[in-house]
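The structure under discussion appears below in the form of structure tokens.
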Protein chains: 6
Amino acid sequence: MFKLTVDNDINLYLVNEAFTQRYVELVKQDNDYLSQWLQWPRFCKSQDDFNDFVKRSLHEYAEGKSMMCAIDYCGHIVGNCGFNTIKHDVKVAEMGYWLGKDYQGNGIMTRVCRYLIDYAFTQLYMNKAQISAAERNLPSRAVCERLGMQLEGIITNQEKVGDSILNHAIYGIHNTKIQKSAGPQLN
Amino acid sequence: MFKLTVDNDINLYLVNEAFTQRYVELVKQDNDYLSQWLQWPRFCKSQDDFNDFVKRSLHEYAEGKSMMCAIDYCGHIVGNCGFNTIKHDVKVAEMGYWLGKDYQGNGIMTRVCRYLIDYAFTQLYMNKAQISAAERNLPSRAVCERLGMQLEGIITNQEKVGDSILNHAIYGIHNTKIQKSAGPQLN
Amino acid sequence: MFKLTVDNDINLYLVNEAFTQRYVELVKQDNDYLSQWLQWPRFCKSQDDFNDFVKRSLHEYAEGKSMMCAIDYCGHIVGNCGFNTIKHDVKVAEMGYWLGKDYQGNGIMTRVCRYLIDYAFTQLYMNKAQISAAERNLPSRAVCERLGMQLEGIITNQEKVGDSILNHAIYGIHNTKIQKSAGPQLN
Amino acid sequence: MFKLTVDNDINLYLVNEAFTQRYVELVKQDNDYLSQWLQWPRFCKSQDDFNDFVKRSLHEYAEGKSMMCAIDYCGHIVGNCGFNTIKHDVKVAEMGYWLGKDYQGNGIMTRVCRYLIDYAFTQLYMNKAQISAAERNLPSRAVCERLGMQLEGIITNQEKVGDSILNHAIYGIHNTKIQKSAGPQLN
Amino acid sequence: MFKLTVDNDINLYLVNEAFTQRYVELVKQDNDYLSQWLQWPRFCKSQDDFNDFVKRSLHEYAEGKSMMCAIDYCGHIVGNCGFNTIKHDVKVAEMGYWLGKDYQGNGIMTRVCRYLIDYAFTQLYMNKAQISAAERNLPSRAVCERLGMQLEGIITNQEKVGDSILNHAIYGIHNTKIQKSAGPQLN
Amino acid sequence: MFKLTVDNDINLYLVNEAFTQRYVELVKQDNDYLSQWLQWPRFCKSQDDFNDFVKRSLHEYAEGKSMMCAIDYCGHIVGNCGFNTIKHDVKVAEMGYWLGKDYQGNGIMTRVCRYLIDYAFTQLYMNKAQISAAERNLPSRAVCERLGMQLEGIITNQEKVGDSILNHAIYGIHNTKIQKSAGPQLN
């Protein structure tokens, strides 16, 4: 499978049907947990659903519009991450991710996102990486803050999750900042 | 032509090829002025361009995704306004507008936007009306403030205008607010 | 809602989902009456059906190919009218309409059609307005005759309504005629 | 090439790229003559144009919507004929044809159309065959009359040919009539 | 129906919905026999299935990509034949056929294929006609040999029929060969 | 960039616009060499051409129909390889490749193809890997033979390269064979 190496523990694989059986297990096990802040776990549950997601994601990757990866942590697929949208005109890559509940607390998302921010700046020539976290999703906002991202605003009525309409906390980080703090080349 | 009546001075006409010759004149005359904060005056100049805009807008209106109107002020077409995006799931209507330079200073945009906010809440069943103004477009931000809209954030790298990548000041107003302040029925 | 004003009693609204619940009521109540000469009341009955009709009609309006309006008589939606086809090359607008049974006999259709004929000539630059009435639909043919239209022929096998294949009486009126008889400007 | 046999002199071949070089010659030679009553000779002149016509016609044949044939008279392709539209719901086949000027006066079109009317009734299960001739195209109207077709009306503003908007004389013949007059089986 | 004449006993008709009822009978009667070497009899059984086949085949014929014919033997439709693929760039026409079990042993397929090979060379300007027979379909390979075709190879894993993956024996004949052996013009 | 590791010298990267400038250089330098047996170097020369190739290839990868990779040899992109077609029904993966002239003679293609054959069997669950070499392309046929593939036939008229129509030598290798000869797991 085609991969990117984040560090000794973590690889990112371009999404592939080979992972969808594992996705079904993770989402079955953690459905309540993931459905707190995400729309799709209510609708995307079967292997066919995830195969559709993989195919759609790869077509968008072909168009240069997004890039979705499975997260491999110590040999296990534990979640998914990537760029939901790559906006070439305004040079912004919007990041998104989810992680199985059992794998929280190992700093996986922070390491993955730091890698993706660098990838956005050096491989995709973006000026800004952006994360939209639900206003009340404090763990996700904590990741953004650990990454040194700036809170740019709380925009109301941005996403429907179940019966709730959520506000988004928009976090951004610009290329100039990462270059100062980057130190030695990550990858 | 199909119309909405704002007040004694102002009518809004659903966009129509009948107005595109007039649009060409306005944009020719005010191109520098309009190009400060808008992308399209650099590319949309001829009557064919505006006819394409009209056709595209009407197809989006057919899908319930947007609604574009010509602004008639005292019998003259003076600009364009409407909902750039109507998001039924999160109940947000995003407003946009432009006005010929000579017609600034008559309170036209404030009256039009107040009408549109009411239309969004009462006819389209939206919970929120939203305006994205370029961060430094102070006249447009002044309209938002006169309308009682809240500044929700300054989101960076949101739009490319010419060679510049602009930040957006996002303003929002919610249905509960307008109902308190609305007093007698507008239309 | 976007509107055209026919006279003190009658407005025409560009078709809109807001009217489809009312269409369902009218067609439910008058199904037998309307199915005598029209195909669609057998198939188009639910609000979803009429929403599809509205969307399809608005897309055709966007293309300049047709124009469908709800008829508002003294504040009630009582039927539908408009141009089924607008043929720019041969400058012919084909008119069509239906009216709830209870609203027959008030001269509504004659007033509406006179307005539409004028609209076709002055706003759409047509040379001819045309109505195809079923050969035996005498009330509809009476409207054509009251409007001063010419019977151009009875063309056989033109439309399937239920199990019957109907002949069409084709009526036409040309721009030169209406100008002579128009007298004071209608609208 | 796939063929239908009309009589000892005349075969009809399903349109095919093999004939398009010949069509180019015929239309080049008779352009003024054919352009009197037909739209397409002004625009369809090159072999590429006719190859597009053939491909489009065969796709429509595949859909059961039309059937276009080259006319072979004594071993030479002399024109084109067929059903421009086959309307299964109202059981009407609309016929159309053109013939090189040099081949006029041999009764070719009358024999071809008689065959096609029979084909429409016996092979396509139509109830009516119809021809729309330009009002002033007297030779074509004479063919209709020789075939025993009825003039159903003169419908104004039906077709644009060059700068003129033409009226159509609509002729029809019904299955019951042809059966009485048919005598021995044609084909 | 549009036809090609092979000899006194055999005509080929361009596929047409008129034949699909007969196809249903043949395939119902001979399903086991035909399913030995062909994929489609497992899936294509009803008149709707065959009508889809006819429509799809005619669209491919319109594109010049294939040509499918019903085989008429002494006034009865007994099978289907034609060019599955016509490759204009490499000048190869790939032939395919099936025949009802009761009509085997009359030399029908050999006569039909000899006609089609000639048609490919003289009407379609091909250099090669090709047949892919299942490796163990000895009757079909015998037809190829009777036609003087060369065995070019046995290519493994070429077609899935039921649960089996079949190898193909590829037979070819080139235009130069047929011209030498052809003797008097076939058609 | 997403990669597969073949051995210490060789990585395969999923095709990406990042490589297309390098492809332009290679094809410019070796155009005559590559055009001997390949169609595309005559037509695919500019960076836009290769960007189209990349996009098209990634869309096919998304559909599971093909998989195209850039070959990285000791840190330099030296050619392209992959599966031109992945046939899930008959479990055959057809391989293709090209290599810059300067990089011939290092056993690169043999190592790459051995890796791809293993990938086809273990990751894509194919039963057969297949290579179609031009009959007279002896170096390519030598690669096939070094890989232990069987010559299944010489099929005539298979590909047009320039003005020549080439025959193909078809080589295949089946999963059972590779398992016997594979010895220790390759990757």
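Within each chain, counting starts at residue 1; across the structure tokens, chains are named A, B, ... in the order shown, with ligands numbered 1 upward in that order.
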
Next item on the list: Quick one: everything within 6 Å of range 113-128 of chain A, counting only C-alpha atoms, minus sequence neighbours fewer than 6 positions away in the same chain. Send it as a ChimeraX atom specification.
Entry: /A:91-92,173-175

Check: Which polymer residues have any atom within 8 Å of an atom of range 137-147 of chain B, counting only C-alpha atoms, with same-chain residues fewer than 3 positions away left out, as JSON, numbers by chain?
Finding: {"B": [37, 109, 110, 113, 114, 131, 133, 134, 150, 169, 171]}

Take the selection from the previous step and output its residues with C-alpha atoms, as a PDB file, in the first residue's frame.
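To be explicit, this is the file written out as part_33.pdb:
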```pdb
ATOM      1  CA  TRP B  37     -12.963  43.883  -3.110  1.00  0.00           C
ATOM      2  CA  MET B 109     -27.662  48.532   0.697  1.00  0.00           C
ATOM      3  CA  THR B 110     -28.821  48.806   4.301  1.00  0.00           C
ATOM      4  CA  CYS B 113     -30.073  43.860   3.256  1.00  0.00           C
ATOM      5  CA  ARG B 114     -32.664  44.469   5.972  1.00  0.00           C
ATOM      6  CA  ILE B 131     -22.147  38.403   5.307  1.00  0.00           C
ATOM      7  CA  ALA B 133     -16.798  41.215   4.026  1.00  0.00           C
ATOM      8  CA  ALA B 134     -13.169  41.646   3.097  1.00  0.00           C
ATOM      9  CA  GLN B 150     -22.254  40.357  15.057  1.00  0.00           C
ATOM     10  CA  ALA B 169     -14.651  39.425   8.409  1.00  0.00           C
ATOM     11  CA  TYR B 171     -20.798  38.817  10.295  1.00  0.00           C
TER      12      TYR B 171
END
```

Would you tabulate, counting only C-alpha atoms, all residues of chain B that have an atom at most 7 Å from an atom of chain A, showing the closest pair of atoms and their distance in Å to one decimal, sorted by chain then ascending number, as a tab-separated table?
```
residue	atom	partner	partner_atom	distance
B:Asp89	CA	A:Lys160	CA	6.4
B:Val90	CA	A:Asn157	CA	5.6
B:Val92	CA	A:Asn157	CA	6.8
B:Glu152	CA	A:Ile155	CA	5.5
B:Gly153	CA	A:Gly153	CA	3.8
B:Ile154	CA	A:Glu152	CA	5.8
B:Ile155	CA	A:Glu152	CA	5.5
B:Asn157	CA	A:Val90	CA	5.6
B:Gln158	CA	A:Val90	CA	6.3
B:Glu159	CA	A:Val90	CA	6.0
B:Lys160	CA	A:Val90	CA	5.8
B:Ile165	CA	A:Val90	CA	6.0
```

Checklist line | Backbone DSSP call of alpha helix (DSSP H) for chain C, listed as an MDAnalysis selection string | finding: chainID C and resid 20:29 31:35 47:62 108:122 138:146 175:182

Next item on the list: Tell me which protein, DNA and RNA residues are within 12 Å of Arg22 in chain C, counting only C-alpha atoms, leaving out same-chain ones fewer than 5 positions away, and put them as a list in words.
Entry: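 Listed by chain and then number, they are Val15, Asn16, Glu17, Val27, Lys28, Gln29, Lys45, Ser46, Gln47, Phe50, Asn51, Ala70, Ile71, Asp72, His76, Ile77, Val78, Gly79, Asn80 and Gly100 of chain C.
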
Notebook entry, point to check: If you measure from CA of Met68 in chain A to CA of Tyr13 in chain A, what distance in Å do you get, rounded to one decimal?
Noted result: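 So the two atoms, CA of Met68 in chain A and CA of Tyr13 in chain A, lie 8.4 Å apart.
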
Notebook entry, point to check: So how many Å separate CA of Ser132 in chain B and CA of His168 in chain B, to one decimal?
Noted result: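 Taking CA of Ser132 in chain B as the start and CA of His168 in chain B as the end point, the length is 5.7 Å.
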
Margin query: Please return, as number ranges by chain, all residues of chain C that DSSP assigns to strand (DSSP E or B) on the basis of the backbone.
Written below: C: 3-5, 10-14, 67-73, 76-87, 92-99, 128-134, 150-161, 164-174

Next item on the list: Select, from F:Lys55, F:Arg42, F:Lys101, F:Lys65, the residue with the minimum atom-to-atom distance to Ala18 in chain F, counting only C-alpha atoms.
Entry: F:Lys55

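Counting from CA of Tyr33 in chain E, the distance to CA of Asp163 in chain E is 16.0 Å.
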